[in-house]
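Okay, structure first, notes after.
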Amino acid sequence: MSRKWISFPLREGEHSRQAHCDFPADTYEREMGREGFFGPVTHLHHKHPPTGWIDWQGPLRPHAFNFNHIPSKHDCPFEAPLTLHNADIRLRVWKTASAMGHLVRNSDGDELLFVHDGAGHFYCDFGHLEYRDGDYLVIPRGTAWRIEPTAPSHFLLVENTDGAYQLPDKGLLGGQAIFDPAVLDHPHIDDAFKAQQDENTWQIRIKRRNQISTVTYPYNPLDAVGWHGDNTVVRLNWRDIRPLMSHRYHLPPSVHTTFVANGFVVCTFTPRPVESDPGALKVPFFHNNDDYDEVLFYHRGNFFSRDNIEAGMVTLHPCGFPHGPHPKAMKKAQTAPATFAEEVAVMIDTRRALEVSEAAAAVDVAEYVNSWRAPGEES
């Protein structure tokens with residue numbers, strides 16, 4: 001049966017004519033929306049910042065994790081420590097400096113590797129390509145692969161459990177918006193790929209239902225001489241993303257969607273101009289997490305809406321409360337706004353609640369929940 005949201009736009013009290021612009025004096029806007037910026041929405045105007053809490057008891061609180069401190073050096077990505085997870089996604093961090101002496105194959109779902117740091121060679125069923133910092137590598141379920149780093153490498157691994165990664169529908173923007181599909185790279189059966197083929201003993205470690213099976217071959221299984229089709233590994237670097245922007249309106253995070261998965265989306269925040277219109281909001285707006293948990297992995301740059309966050313850290317804002325810019329960022333945006341946002345971050349919004357693993361809990365920054373207090377405030 002077809003259905004539609006209850007919809008009857010109303011106005012009450014003092015309010016702006018448009019979202020994120022020209023607020024009533026001395027008010028703070030809060031967006032209360034559904035379905036991750038795609039459903040019904042109301043914008044409320046408050047006397048105080050919606051994040052002005054002075055105490056927090058109970059498990060539902062914002063988290064910051066310093067993933068840099070997780071012991072994550074392994075020769076196999078399947079041994080990388082689990083950090084956050086639910087039925088749709090498994091998030092890991094992996095560091096390695098050595099060439100893998102075996103292959104891996106994930107039969108539970110697609111794998112997305114984000115290269116936080118490092119460089120090297122990626123070999124898989126489809127051939128060879130090089131990777132560098134800032135690359136996404138989309139690895140289809142069932143692909144056998146391995147890497148040979150040329151520099152110590154640090155990855156964020158995003159497993160799409162029992163699902164495939166797809167691209168967002170760009171609609172009226174046209175197919176070349178955000179990034180032209182022509183910038184997507186795929187592996188090639190080149191000289192480097194042919195050179196690594198040998199008749200030595202190789203193993204493939206296969207993950208299925210989170211259990212590992214090891215299959216041994218008397219030759220290198222990456223022995224393809226050719227292929228044709230459209231199911232393959234894809235590489236995209238954030239430097240090839242050309243973000244949508246408006247000089248008069250702060251766009252929602254959903255416009256930065258890079259990949260769509262079952263139960264979650266992956267977005268990429270890249271350097272971009274700050275809104276120049278005098279009445280436009282110049283920092284992320286306060287908003288509720290009413291349907292999604294929000295994860296941000298900070299890659300590089302100046303994270304202009306957050307205090308005391310460094311590259312390699314992760315924040316988690318679970319569904320159930322409003323969040324937004326920290327007080328210093330809000331004040332600066334009102335008095336001396338920046339003209340350019342120099343930041344790169346990966347955002348993951350999940351429809352199901354995320355579980356925090358022991359590895360992540362061990363590097364939880366407990367004071368993060370207090371970071372929205374105005375300077376000098378006491379609990």
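We name chains A, B, ... following the order of the structure tokens; residues begin at 1 in each chain, and ligands are numbered from 1 as shown.
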Exercise for the section: Do a neighbour search on segment 4-19 of chain A at 9 Å with only C-alpha atoms, toss out local chain neighbours closer than 4 positions, and write the hits as a PyMOL selection string. Expected result: chain A and resi 23-24+29+31+39-40+42-45+249-250
Deliver the residues from the most recent selection as a file, using N, CA, C and O atoms, as a short mmCIF file (atom, residue, chain, number, x, y, z; two decimals), in the first residue's frame.
data_model
loop_
_atom_site.label_atom_id
_atom_site.label_comp_id
_atom_site.auth_asym_id
_atom_site.auth_seq_id
_atom_site.Cartn_x
_atom_site.Cartn_y
_atom_site.Cartn_z
N PHE A 23 17.94 34.27 11.65
CA PHE A 23 17.21 33.84 12.84
C PHE A 23 16.64 35.05 13.59
O PHE A 23 17.21 36.16 13.53
N PRO A 24 15.57 34.85 14.36
CA PRO A 24 15.16 35.90 15.29
C PRO A 24 16.30 36.24 16.24
O PRO A 24 17.13 35.38 16.57
N GLU A 29 18.74 28.05 16.43
CA GLU A 29 17.90 27.16 15.64
C GLU A 29 18.26 25.70 15.90
O GLU A 29 19.43 25.34 16.02
N GLU A 31 17.17 21.89 14.23
CA GLU A 31 16.42 21.14 13.23
C GLU A 31 16.01 19.80 13.83
O GLU A 31 16.84 19.02 14.28
N GLY A 39 13.22 13.40 5.39
CA GLY A 39 11.83 13.31 5.78
C GLY A 39 11.27 14.64 6.27
O GLY A 39 11.86 15.70 6.05
N PRO A 40 10.11 14.61 6.94
CA PRO A 40 9.52 15.83 7.47
C PRO A 40 10.47 16.51 8.45
O PRO A 40 11.27 15.85 9.12
N THR A 42 11.00 20.12 11.22
CA THR A 42 10.60 21.37 11.85
C THR A 42 11.85 22.06 12.38
O THR A 42 12.77 21.39 12.87
N HIS A 43 11.88 23.38 12.27
CA HIS A 43 12.99 24.17 12.80
C HIS A 43 12.47 24.98 13.98
O HIS A 43 11.59 25.82 13.82
N LEU A 44 13.01 24.69 15.15
CA LEU A 44 12.63 25.38 16.37
C LEU A 44 13.67 26.44 16.71
O LEU A 44 14.86 26.27 16.43
N HIS A 45 13.22 27.53 17.33
CA HIS A 45 14.13 28.60 17.75
C HIS A 45 14.10 28.71 19.26
O HIS A 45 13.04 28.92 19.86
N TYR A 249 23.11 29.50 1.97
CA TYR A 249 22.36 28.50 2.74
C TYR A 249 23.30 27.36 3.13
O TYR A 249 24.01 26.83 2.28
N HIS A 250 23.31 27.01 4.44
CA HIS A 250 24.16 25.92 4.89
C HIS A 250 23.49 24.60 4.53
O HIS A 250 22.43 24.24 5.06
#
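Residues within 6 Å of Cys267 of chain A, counting only C-alpha atoms and excluding same-chain residues fewer than 3 positions away, are His256, Thr257, Thr258, Val346 and Met347 of chain A.
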Now that the selection is made, can you save its residues with N, CA, C and O atoms as a PDB file, in the first residue's frame?
ATOM      1  N   HIS A 256      26.599  15.571   0.914  1.00  0.00           N
ATOM      2  CA  HIS A 256      27.967  15.077   0.778  1.00  0.00           C
ATOM      3  C   HIS A 256      28.015  13.550   0.730  1.00  0.00           C
ATOM      4  O   HIS A 256      29.079  12.954   0.939  1.00  0.00           O
ATOM      5  N   THR A 257      26.877  12.906   0.458  1.00  0.00           N
ATOM      6  CA  THR A 257      26.821  11.446   0.402  1.00  0.00           C
ATOM      7  C   THR A 257      27.688  10.917  -0.738  1.00  0.00           C
ATOM      8  O   THR A 257      27.570  11.363  -1.883  1.00  0.00           O
ATOM      9  N   THR A 258      28.551   9.970  -0.413  1.00  0.00           N
ATOM     10  CA  THR A 258      29.467   9.372  -1.386  1.00  0.00           C
ATOM     11  C   THR A 258      29.034   7.972  -1.781  1.00  0.00           C
ATOM     12  O   THR A 258      29.049   7.614  -2.957  1.00  0.00           O
ATOM     13  N   VAL A 346      35.216  11.682   7.134  1.00  0.00           N
ATOM     14  CA  VAL A 346      34.313  10.653   6.630  1.00  0.00           C
ATOM     15  C   VAL A 346      33.176  10.513   7.640  1.00  0.00           C
ATOM     16  O   VAL A 346      33.425  10.278   8.830  1.00  0.00           O
ATOM     17  N   MET A 347      31.949  10.689   7.178  1.00  0.00           N
ATOM     18  CA  MET A 347      30.785  10.531   8.053  1.00  0.00           C
ATOM     19  C   MET A 347      30.021   9.267   7.675  1.00  0.00           C
ATOM     20  O   MET A 347      29.822   8.989   6.496  1.00  0.00           O
TER      21      MET A 347
END
Alpha helix (DSSP H) positions in segment 79-271 of chain A, given as a compact mmCIF listing (two decimals) with all heavy atoms, in the first residue's frame:
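out-v1.txt written:
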# COMPACT_ATOMS: atom_id res chain seq x y z
N ASP A 191 51.79 -4.73 -16.01
CA ASP A 191 53.05 -5.46 -15.80
C ASP A 191 53.25 -5.84 -14.33
O ASP A 191 53.74 -6.94 -14.02
CB ASP A 191 54.23 -4.63 -16.30
CG ASP A 191 54.27 -4.51 -17.82
OD1 ASP A 191 53.60 -5.33 -18.49
OD2 ASP A 191 54.94 -3.60 -18.33
N ALA A 192 52.87 -4.94 -13.42
CA ALA A 192 53.03 -5.23 -12.00
C ALA A 192 52.17 -6.41 -11.58
O ALA A 192 52.59 -7.26 -10.78
CB ALA A 192 52.68 -4.00 -11.16
N PHE A 193 50.96 -6.48 -12.12
CA PHE A 193 50.08 -7.60 -11.80
C PHE A 193 50.62 -8.91 -12.35
O PHE A 193 50.64 -9.94 -11.66
CB PHE A 193 48.67 -7.33 -12.35
CG PHE A 193 47.67 -8.40 -12.01
CD1 PHE A 193 47.22 -8.54 -10.71
CD2 PHE A 193 47.18 -9.25 -12.98
CE1 PHE A 193 46.29 -9.53 -10.38
CE2 PHE A 193 46.24 -10.23 -12.67
CZ PHE A 193 45.80 -10.37 -11.36
N LYS A 194 51.10 -8.88 -13.57
CA LYS A 194 51.64 -10.10 -14.18
C LYS A 194 52.90 -10.56 -13.45
O LYS A 194 53.13 -11.77 -13.29
CB LYS A 194 51.94 -9.86 -15.65
CG LYS A 194 50.69 -9.60 -16.49
CD LYS A 194 51.05 -9.25 -17.92
CE LYS A 194 49.81 -8.92 -18.76
NZ LYS A 194 50.17 -8.49 -20.14
N ALA A 195 53.70 -9.59 -12.98
CA ALA A 195 54.96 -9.93 -12.32
C ALA A 195 54.75 -10.64 -10.99
O ALA A 195 55.62 -11.42 -10.55
CB ALA A 195 55.81 -8.68 -12.11
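What separates atom CA of Arg239 of chain A from atom CA of Arg272 of chain A is a distance of 11.6 Å.
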Practice task
From a DSSP calculation on the backbone, collect every residue of segment 186-287 of chain A in strand (DSSP E or B) and output the set as a VMD selection string.
Solution key: chain A and resid 188 202 to 208 211 to 217 234 to 237 242 257 to 261 264 to 269 272 to 273 280 286 to 287
Problem - Near-Pro253 of chain A list (12 Å; only C-alpha atoms; drop same-chain fewer than 3 positions) as an NGL selection string - result: :A and (36-38 or 243-245 or 250 or 256-258 or 265-270 or 283-285 or 287 or 294 or 296 or 345-349)
If you keep N, CA, C and O atoms, can you produce a file of those selected residues as an mmCIF file, in the first residue's frame?
data_model
loop_
_atom_site.group_PDB
_atom_site.id
_atom_site.type_symbol
_atom_site.label_atom_id
_atom_site.label_comp_id
_atom_site.auth_asym_id
_atom_site.auth_seq_id
_atom_site.Cartn_x
_atom_site.Cartn_y
_atom_site.Cartn_z
ATOM 1 N N GLY A 36 17.118 11.137 8.328
ATOM 2 C CA GLY A 36 18.411 11.679 7.924
ATOM 3 C C GLY A 36 18.342 12.788 6.901
ATOM 4 O O GLY A 36 19.002 12.711 5.864
ATOM 5 N N PHE A 37 17.550 13.816 7.162
ATOM 6 C CA PHE A 37 17.423 15.011 6.328
ATOM 7 C C PHE A 37 16.545 14.805 5.087
ATOM 8 O O PHE A 37 16.441 15.694 4.252
ATOM 9 N N PHE A 38 15.915 13.640 4.967
ATOM 10 C CA PHE A 38 15.081 13.376 3.799
ATOM 11 C C PHE A 38 13.587 13.349 4.124
ATOM 12 O O PHE A 38 12.764 13.245 3.224
ATOM 13 N N PRO A 243 32.550 19.356 -3.893
ATOM 14 C CA PRO A 243 31.359 19.400 -3.034
ATOM 15 C C PRO A 243 30.321 20.420 -3.496
ATOM 16 O O PRO A 243 30.650 21.458 -4.080
ATOM 17 N N LEU A 244 29.069 20.091 -3.216
ATOM 18 C CA LEU A 244 27.998 21.047 -3.444
ATOM 19 C C LEU A 244 28.086 22.134 -2.382
ATOM 20 O O LEU A 244 28.465 21.885 -1.238
ATOM 21 N N MET A 245 27.707 23.332 -2.748
ATOM 22 C CA MET A 245 27.784 24.442 -1.806
ATOM 23 C C MET A 245 26.793 25.518 -2.205
ATOM 24 O O MET A 245 26.314 25.577 -3.344
ATOM 25 N N HIS A 250 23.310 27.011 4.439
ATOM 26 C CA HIS A 250 24.156 25.915 4.894
ATOM 27 C C HIS A 250 23.489 24.597 4.531
ATOM 28 O O HIS A 250 22.429 24.239 5.063
ATOM 29 N N HIS A 256 26.599 15.571 0.914
ATOM 30 C CA HIS A 256 27.967 15.077 0.778
ATOM 31 C C HIS A 256 28.015 13.550 0.730
ATOM 32 O O HIS A 256 29.079 12.954 0.939
ATOM 33 N N THR A 257 26.877 12.906 0.458
ATOM 34 C CA THR A 257 26.821 11.446 0.402
ATOM 35 C C THR A 257 27.688 10.917 -0.738
ATOM 36 O O THR A 257 27.570 11.363 -1.883
ATOM 37 N N THR A 258 28.551 9.970 -0.413
ATOM 38 C CA THR A 258 29.467 9.372 -1.386
ATOM 39 C C THR A 258 29.034 7.972 -1.781
ATOM 40 O O THR A 258 29.049 7.614 -2.957
ATOM 41 N N VAL A 265 24.799 5.189 5.278
ATOM 42 C CA VAL A 265 25.399 5.945 4.174
ATOM 43 C C VAL A 265 26.786 6.395 4.596
ATOM 44 O O VAL A 265 27.084 6.526 5.789
ATOM 45 N N VAL A 266 27.645 6.620 3.611
ATOM 46 C CA VAL A 266 28.990 7.142 3.834
ATOM 47 C C VAL A 266 29.089 8.484 3.124
ATOM 48 O O VAL A 266 28.824 8.579 1.919
ATOM 49 N N CYS A 267 29.420 9.524 3.871
ATOM 50 C CA CYS A 267 29.553 10.875 3.321
ATOM 51 C C CYS A 267 30.998 11.342 3.462
ATOM 52 O O CYS A 267 31.726 10.867 4.337
ATOM 53 N N THR A 268 31.409 12.284 2.617
ATOM 54 C CA THR A 268 32.766 12.822 2.664
ATOM 55 C C THR A 268 32.705 14.336 2.725
ATOM 56 O O THR A 268 32.179 14.985 1.810
ATOM 57 N N PHE A 269 33.218 14.903 3.814
ATOM 58 C CA PHE A 269 33.339 16.356 3.915
ATOM 59 C C PHE A 269 34.713 16.759 3.400
ATOM 60 O O PHE A 269 35.738 16.263 3.886
ATOM 61 N N THR A 270 34.746 17.637 2.422
ATOM 62 C CA THR A 270 35.996 18.072 1.805
ATOM 63 C C THR A 270 36.117 19.587 1.909
ATOM 64 O O THR A 270 35.135 20.282 2.209
ATOM 65 N N VAL A 283 28.079 27.599 10.337
ATOM 66 C CA VAL A 283 28.573 26.367 10.962
ATOM 67 C C VAL A 283 27.467 25.332 10.862
ATOM 68 O O VAL A 283 26.309 25.675 10.599
ATOM 69 N N PRO A 284 27.773 24.046 11.061
ATOM 70 C CA PRO A 284 26.701 23.048 11.039
ATOM 71 C C PRO A 284 25.594 23.403 12.022
ATOM 72 O O PRO A 284 25.850 23.827 13.150
ATOM 73 N N PHE A 285 24.360 23.215 11.599
ATOM 74 C CA PHE A 285 23.227 23.609 12.436
ATOM 75 C C PHE A 285 22.967 22.570 13.527
ATOM 76 O O PHE A 285 23.249 21.388 13.371
ATOM 77 N N HIS A 287 20.982 19.955 15.388
ATOM 78 C CA HIS A 287 19.952 19.052 14.889
ATOM 79 C C HIS A 287 19.854 17.812 15.765
ATOM 80 O O HIS A 287 20.801 17.456 16.461
ATOM 81 N N GLU A 294 25.239 8.822 14.282
ATOM 82 C CA GLU A 294 26.165 9.553 13.414
ATOM 83 C C GLU A 294 27.611 9.336 13.878
ATOM 84 O O GLU A 294 27.954 9.582 15.028
ATOM 85 N N LEU A 296 31.707 10.207 12.859
ATOM 86 C CA LEU A 296 32.619 11.020 12.052
ATOM 87 C C LEU A 296 34.047 10.578 12.300
ATOM 88 O O LEU A 296 34.498 10.516 13.447
ATOM 89 N N ALA A 345 36.753 14.813 6.329
ATOM 90 C CA ALA A 345 36.232 13.851 7.294
ATOM 91 C C ALA A 345 35.290 12.881 6.586
ATOM 92 O O ALA A 345 34.665 13.221 5.579
ATOM 93 N N VAL A 346 35.216 11.682 7.134
ATOM 94 C CA VAL A 346 34.313 10.653 6.630
ATOM 95 C C VAL A 346 33.176 10.513 7.640
ATOM 96 O O VAL A 346 33.425 10.278 8.830
ATOM 97 N N MET A 347 31.949 10.689 7.178
ATOM 98 C CA MET A 347 30.785 10.531 8.053
ATOM 99 C C MET A 347 30.021 9.267 7.675
ATOM 100 O O MET A 347 29.822 8.989 6.496
ATOM 101 N N ILE A 348 29.609 8.529 8.696
ATOM 102 C CA ILE A 348 28.815 7.320 8.506
ATOM 103 C C ILE A 348 27.555 7.458 9.355
ATOM 104 O O ILE A 348 27.638 7.578 10.580
ATOM 105 N N ASP A 349 26.404 7.491 8.716
ATOM 106 C CA ASP A 349 25.118 7.540 9.409
ATOM 107 C C ASP A 349 24.466 6.166 9.327
ATOM 108 O O ASP A 349 24.263 5.641 8.216
#
Exercise for the section: Calculate how many Å separate atom CA of Thr339 of chain A from atom CA of Pro325 of chain A, rounding to one decimal. Expected result: 16.6 Å
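Among the candidate residues A:Ser153, A:Phe126, A:Glu159, A:Tyr131, the one lying nearest to Phe78 of chain A is A:Glu159, with distances computed using only C-alpha atoms.
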Exercise for the section: Could you give me, as a list in words, the residues within 10 Å of Asp291 of chain A, counting only C-alpha atoms and dropping anything in the same chain fewer than 4 positions from it? Expected result: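 Returned residues: Gly33, Arg34, Glu35, Gly36, Phe37, Pro318, Cys319, Gly320, Asp349, Thr350, Arg351, Arg352 and Ala353 of chain A.
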Mind dumping the selected residues with N, CA, C and O atoms as an mmCIF file, in the first residue's frame?
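Here's the written file result-v2.cif:
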data_model
loop_
_atom_site.group_PDB
_atom_site.id
_atom_site.type_symbol
_atom_site.label_atom_id
_atom_site.label_comp_id
_atom_site.auth_asym_id
_atom_site.auth_seq_id
_atom_site.Cartn_x
_atom_site.Cartn_y
_atom_site.Cartn_z
ATOM 1 N N GLY A 33 14.265 16.595 12.483
ATOM 2 C CA GLY A 33 13.837 15.990 11.227
ATOM 3 C C GLY A 33 13.836 14.477 11.283
ATOM 4 O O GLY A 33 14.299 13.865 12.241
ATOM 5 N N ARG A 34 13.329 13.896 10.229
ATOM 6 C CA ARG A 34 13.220 12.448 10.134
ATOM 7 C C ARG A 34 14.007 11.929 8.942
ATOM 8 O O ARG A 34 14.243 12.630 7.960
ATOM 9 N N GLU A 35 14.399 10.660 9.058
ATOM 10 C CA GLU A 35 15.039 9.946 7.957
ATOM 11 C C GLU A 35 16.278 10.648 7.410
ATOM 12 O O GLU A 35 16.479 10.766 6.209
ATOM 13 N N GLY A 36 17.118 11.137 8.328
ATOM 14 C CA GLY A 36 18.411 11.679 7.924
ATOM 15 C C GLY A 36 18.342 12.788 6.901
ATOM 16 O O GLY A 36 19.002 12.711 5.864
ATOM 17 N N PHE A 37 17.550 13.816 7.162
ATOM 18 C CA PHE A 37 17.423 15.011 6.328
ATOM 19 C C PHE A 37 16.545 14.805 5.087
ATOM 20 O O PHE A 37 16.441 15.694 4.252
ATOM 21 N N PRO A 318 24.949 9.236 19.172
ATOM 22 C CA PRO A 318 23.845 8.295 19.016
ATOM 23 C C PRO A 318 22.505 8.999 18.812
ATOM 24 O O PRO A 318 22.334 10.171 19.154
ATOM 25 N N CYS A 319 21.565 8.261 18.276
ATOM 26 C CA CYS A 319 20.207 8.756 18.092
ATOM 27 C C CYS A 319 19.588 9.102 19.448
ATOM 28 O O CYS A 319 19.722 8.340 20.404
ATOM 29 N N GLY A 320 18.920 10.272 19.536
ATOM 30 C CA GLY A 320 18.179 10.559 20.758
ATOM 31 C C GLY A 320 18.389 11.917 21.384
ATOM 32 O O GLY A 320 17.736 12.243 22.374
ATOM 33 N N ASP A 349 26.404 7.491 8.716
ATOM 34 C CA ASP A 349 25.118 7.540 9.409
ATOM 35 C C ASP A 349 24.466 6.166 9.327
ATOM 36 O O ASP A 349 24.263 5.641 8.216
ATOM 37 N N THR A 350 24.132 5.580 10.480
ATOM 38 C CA THR A 350 23.586 4.219 10.520
ATOM 39 C C THR A 350 22.154 4.232 11.021
ATOM 40 O O THR A 350 21.832 4.911 11.999
ATOM 41 N N ARG A 351 21.298 3.475 10.343
ATOM 42 C CA ARG A 351 19.883 3.416 10.715
ATOM 43 C C ARG A 351 19.688 2.643 12.011
ATOM 44 O O ARG A 351 18.804 2.976 12.795
ATOM 45 N N ARG A 352 20.466 1.610 12.230
ATOM 46 C CA ARG A 352 20.388 0.843 13.474
ATOM 47 C C ARG A 352 21.401 1.369 14.485
ATOM 48 O O ARG A 352 22.453 1.873 14.105
ATOM 49 N N ALA A 353 21.084 1.219 15.751
ATOM 50 C CA ALA A 353 21.983 1.673 16.813
ATOM 51 C C ALA A 353 23.305 0.922 16.756
ATOM 52 O O ALA A 353 23.345 -0.276 16.481
#
Practice task
Could you tell me how far atom CA of His188 of chain A lies from atom CA of His128 of chain A, in Å and to one decimal?
Solution key: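 According to the coordinates, atom CA of His188 of chain A and atom CA of His128 of chain A are separated by 5.2 Å.
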Completion exercise
Counting only C-alpha atoms, the residue among A:Ile178, A:Leu84, A:Ala97, A:Leu129 that lies closest to Pro152 of chain A is A:Ala97
Selection near Pro221 of chain A, 10 Å with only C-alpha atoms, sequence-local residues under 4 positions removed, as a CSV table (one decimal) with N, CA, C and O atoms, in the first residue's frame:
chain,number,residue,atom,x,y,z
A,103,LEU,N,46.3,-13.9,0.8
A,103,LEU,CA,45.2,-13.2,0.3
A,103,LEU,C,44.0,-13.3,1.3
A,103,LEU,O,44.0,-14.2,2.1
A,124,CYS,N,44.4,-7.6,-6.6
A,124,CYS,CA,43.1,-8.4,-6.4
A,124,CYS,C,42.8,-9.2,-7.7
A,124,CYS,O,43.6,-9.2,-8.6
A,125,ASP,N,41.7,-9.9,-7.6
A,125,ASP,CA,41.3,-10.7,-8.8
A,125,ASP,C,41.3,-10.0,-10.1
A,125,ASP,O,41.5,-10.5,-11.2
A,144,ALA,N,39.2,-11.6,-3.9
A,144,ALA,CA,40.4,-11.9,-3.3
A,144,ALA,C,41.4,-10.8,-3.5
A,144,ALA,O,41.5,-10.3,-4.6
A,145,TRP,N,42.1,-10.4,-2.4
A,145,TRP,CA,43.0,-9.2,-2.5
A,145,TRP,C,44.1,-9.3,-1.5
A,145,TRP,O,44.0,-10.0,-0.5
A,197,GLN,N,52.4,-12.8,-10.3
A,197,GLN,CA,51.9,-14.2,-10.5
A,197,GLN,C,53.1,-15.2,-10.5
A,197,GLN,O,54.1,-15.0,-11.1
A,198,ASP,N,52.9,-16.2,-9.7
A,198,ASP,CA,53.9,-17.2,-9.5
A,198,ASP,C,53.3,-18.6,-9.2
A,198,ASP,O,52.1,-18.8,-9.1
A,199,GLU,N,54.2,-19.6,-9.1
A,199,GLU,CA,53.7,-21.0,-8.9
A,199,GLU,C,54.1,-21.4,-7.5
A,199,GLU,O,54.2,-22.6,-7.2
A,201,THR,N,53.3,-21.6,-3.2
A,201,THR,CA,52.1,-21.9,-2.4
A,201,THR,C,51.5,-20.6,-1.8
A,201,THR,O,52.2,-19.8,-1.2
A,202,TRP,N,50.2,-20.4,-2.0
A,202,TRP,CA,49.5,-19.2,-1.5
A,202,TRP,C,48.3,-19.7,-0.7
A,202,TRP,O,47.7,-20.7,-1.0
A,203,GLN,N,47.9,-18.8,0.2
A,203,GLN,CA,46.7,-19.1,1.0
A,203,GLN,C,45.7,-17.9,0.8
A,203,GLN,O,46.1,-16.8,0.7
A,204,ILE,N,44.4,-18.3,0.8
A,204,ILE,CA,43.3,-17.3,0.9
A,204,ILE,C,42.6,-17.5,2.2
A,204,ILE,O,42.1,-18.6,2.5
A,216,THR,N,44.4,-23.3,0.7
A,216,THR,CA,45.8,-23.3,0.2
A,216,THR,C,45.8,-23.7,-1.2
A,216,THR,O,45.2,-24.7,-1.6
A,217,TYR,N,46.6,-23.0,-2.0
A,217,TYR,CA,46.8,-23.3,-3.5
A,217,TYR,C,48.2,-23.5,-3.7
A,217,TYR,O,49.1,-22.9,-3.1
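Among the candidates A:Leu167, A:Leu354, A:Val93, A:Ala338, the residue lying nearest to Leu60 of chain A is A:Leu354 (atoms considered: only C-alpha atoms).
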Problem - Polymer residues at most 9 Å from Ala261 of chain A, only C-alpha atoms, same-chain spacing of 3 or more positions, as JSON, numbers by chain - result: {"A": [88, 160, 163, 164, 165, 166, 167, 264, 265, 266]}
Those same residues - all heavy atoms - I'd like them written as a compact mmCIF listing (two decimals), in the first residue's frame.
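Full text of out.txt as output:
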# COMPACT_ATOMS: atom_id res chain seq x y z
N ASP A 88 24.33 -4.13 10.24
CA ASP A 88 24.59 -3.70 8.87
C ASP A 88 26.04 -3.33 8.60
O ASP A 88 26.47 -3.30 7.44
CB ASP A 88 23.73 -2.47 8.52
CG ASP A 88 22.25 -2.74 8.65
OD1 ASP A 88 21.80 -3.78 8.15
OD2 ASP A 88 21.54 -1.91 9.27
N ASN A 160 30.33 -3.59 4.83
CA ASN A 160 28.90 -3.51 4.56
C ASN A 160 28.34 -4.92 4.70
O ASN A 160 28.32 -5.69 3.75
CB ASN A 160 28.68 -2.95 3.15
CG ASN A 160 27.24 -2.78 2.79
OD1 ASN A 160 26.35 -3.01 3.60
ND2 ASN A 160 26.99 -2.37 1.57
N GLY A 163 25.79 -6.75 2.26
CA GLY A 163 25.25 -5.75 1.34
C GLY A 163 26.30 -5.26 0.36
O GLY A 163 27.46 -5.65 0.42
N ALA A 164 25.86 -4.40 -0.55
CA ALA A 164 26.74 -3.85 -1.59
C ALA A 164 26.76 -2.33 -1.48
O ALA A 164 25.78 -1.71 -1.06
CB ALA A 164 26.26 -4.27 -2.98
N TYR A 165 27.89 -1.73 -1.86
CA TYR A 165 27.99 -0.28 -1.94
C TYR A 165 27.48 0.21 -3.29
O TYR A 165 27.83 -0.35 -4.34
CB TYR A 165 29.44 0.18 -1.74
CG TYR A 165 29.89 0.11 -0.30
CD1 TYR A 165 30.75 -0.89 0.13
CD2 TYR A 165 29.44 1.04 0.62
CE1 TYR A 165 31.15 -0.96 1.46
CE2 TYR A 165 29.84 0.97 1.95
CZ TYR A 165 30.69 -0.02 2.36
OH TYR A 165 31.07 -0.08 3.67
N GLN A 166 26.67 1.26 -3.25
CA GLN A 166 26.15 1.87 -4.46
C GLN A 166 26.33 3.38 -4.38
O GLN A 166 26.70 3.92 -3.33
CB GLN A 166 24.68 1.50 -4.65
CG GLN A 166 24.45 0.00 -4.84
CD GLN A 166 22.98 -0.36 -4.90
OE1 GLN A 166 22.23 -0.16 -3.94
NE2 GLN A 166 22.55 -0.90 -6.03
N LEU A 167 26.07 4.07 -5.48
CA LEU A 167 26.20 5.51 -5.52
C LEU A 167 24.84 6.17 -5.27
O LEU A 167 23.80 5.62 -5.61
CB LEU A 167 26.75 5.96 -6.88
CG LEU A 167 28.13 5.42 -7.27
CD1 LEU A 167 28.53 5.94 -8.64
CD2 LEU A 167 29.17 5.82 -6.23
N PHE A 264 22.95 2.16 6.05
CA PHE A 264 23.83 3.29 6.37
C PHE A 264 24.30 3.98 5.09
O PHE A 264 24.17 3.45 3.99
CB PHE A 264 25.03 2.85 7.22
CG PHE A 264 26.02 1.94 6.53
CD1 PHE A 264 27.17 2.46 5.95
CD2 PHE A 264 25.81 0.57 6.49
CE1 PHE A 264 28.10 1.62 5.34
CE2 PHE A 264 26.74 -0.27 5.89
CZ PHE A 264 27.88 0.26 5.31
N VAL A 265 24.80 5.19 5.28
CA VAL A 265 25.40 5.94 4.17
C VAL A 265 26.79 6.40 4.60
O VAL A 265 27.08 6.53 5.79
CB VAL A 265 24.55 7.17 3.77
CG1 VAL A 265 23.19 6.74 3.25
CG2 VAL A 265 24.40 8.15 4.93
N VAL A 266 27.65 6.62 3.61
CA VAL A 266 28.99 7.14 3.83
C VAL A 266 29.09 8.48 3.12
O VAL A 266 28.82 8.58 1.92
CB VAL A 266 30.07 6.18 3.30
CG1 VAL A 266 31.47 6.77 3.51
CG2 VAL A 266 29.96 4.82 3.97
Problem - Shell around segment 134-138 of chain A at 8 Å using only C-alpha atoms, local window under 2 positions removed, as a PyMOL selection string - result: chain A and resi 110-117+131-132+140+165+233-239
Let me see the file: selected residues, C-alpha atoms, as a compact mmCIF listing (two decimals), in the first residue's frame.
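Output file selection-v5.txt follows:
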# COMPACT_ATOMS: atom_id res chain seq x y z
CA ASP A 110 31.43 -5.52 0.53
CA GLU A 111 34.51 -3.90 2.10
CA LEU A 112 35.30 -0.19 1.95
CA LEU A 113 38.89 0.79 2.72
CA PHE A 114 39.59 4.44 3.44
CA VAL A 115 43.32 5.20 3.37
CA HIS A 116 43.95 7.56 6.26
CA ASP A 117 47.70 7.50 5.72
CA TYR A 131 46.72 3.58 -3.42
CA ARG A 132 47.57 6.74 -1.50
CA PRO A 140 33.02 -6.19 -3.87
CA TYR A 165 27.99 -0.28 -1.94
CA VAL A 233 37.13 -2.86 -7.29
CA VAL A 234 36.72 0.92 -7.58
CA ARG A 235 39.04 3.67 -6.34
CA LEU A 236 37.95 7.23 -5.51
CA ASN A 237 40.06 9.91 -3.80
CA TRP A 238 38.49 12.74 -1.83
CA ARG A 239 40.56 15.18 -3.89
